[in-house]
Amino acid sequence: MLGLYSLQEMASVFFQLLLEIQLKKKGIGSHLISFLKKNEEILNGWIVEDDMKYIKRNGEIYLSKIQFYKKLGFEIRYEDKWVTDRITTIKIKWKQLT
């Protein structure tokens, strides 16, 4: 499954990127983010916090994507968290330089 979803809420665009394991590490995610960057001035999203440990359904440890988004120029907003009893996420934001 390959998924890219964006939702415009007021002046902000929130996106979610989902890739099947066999599609990872092939540049597809970076390409999809680049597409969004060409069409939007600001992008927002939520990612799993880096110091948390989550187990995927297949038993593997889920690794945070913080470094991936840092590499793509996103600001990691540690002060903006969404916390539930099952997961903690932090906001990421990218803004086009003028």
# chains A, B, ... in the order shown; residues from 1 in each chain; ligands from 1
>>> select_by_dssp(residues="stretch 37-87 of chain A", states="strand (DSSP E)", output="PyMOL selection string")
chain A and resi 42-48+54-55+61-62+75-83
>>> residues_around(residues="stretch 40-52 of chain A", least_positions_apart="4", cutoff="7 Å", atoms="only C-alpha atoms", output="list in words")
Ser12, Val13, Phe14, Phe15, Gln16, Leu36, Ser64, Lys65, Ile66, Thr88, Thr89, Ile90, Lys91, Ile92, Lys93, Trp94, Lys95 and Gln96 of chain A
>>> atom_distance(atom1="atom CA of A:Arg86", atom2="atom CA of A:Tyr69")
22.6 Å
>>> closest_residue(among="A:Leu97, A:Ile87, A:Tyr78, A:Gly73", to="A:Ile55", atoms="only C-alpha atoms")
A:Ile87
>>> select_by_dssp(residues="chain A", states="helix (DSSP H, G or I)", output="list in words")
Ile21, Gln22, Leu23, Ile28, Gly29, Ser30, His31, Leu32, Ile33, Ser34, Phe35, Leu36, Lys37, Lys38, Asn39, Ile66, Gln67, Phe68, Tyr69, Lys70 and Lys71 of chain A
>>> write_last_selection(atoms="C-alpha atoms", output="short mmCIF file (atom, residue, chain, number, x, y, z; two decimals), in the first residue's frame")
data_model
loop_
_atom_site.label_atom_id
_atom_site.label_comp_id
_atom_site.auth_asym_id
_atom_site.auth_seq_id
_atom_site.Cartn_x
_atom_site.Cartn_y
_atom_site.Cartn_z
CA ILE A 21 7.59 -2.10 4.02
CA GLN A 22 8.67 -3.26 0.53
CA LEU A 23 8.35 0.33 -0.77
CA ILE A 28 9.29 7.04 -2.84
CA GLY A 29 8.45 8.83 0.42
CA SER A 30 10.92 11.63 -0.32
CA HIS A 31 9.46 11.98 -3.80
CA LEU A 32 5.91 12.28 -2.47
CA ILE A 33 6.95 14.88 0.11
CA SER A 34 8.76 16.84 -2.63
CA PHE A 35 5.54 16.83 -4.65
CA LEU A 36 3.64 18.33 -1.70
CA LYS A 37 6.37 20.92 -1.13
CA LYS A 38 6.02 22.14 -4.73
CA ASN A 39 2.31 22.73 -4.23
CA ILE A 66 12.32 11.95 12.94
CA GLN A 67 15.62 11.72 11.04
CA PHE A 68 13.79 11.21 7.74
CA TYR A 69 11.78 14.40 8.21
CA LYS A 70 14.77 16.38 9.53
CA LYS A 71 16.65 15.41 6.35
#
>>> atom_distance(atom1="atom CA of A:Lys56", atom2="atom CA of A:Lys24")
15.6 Å
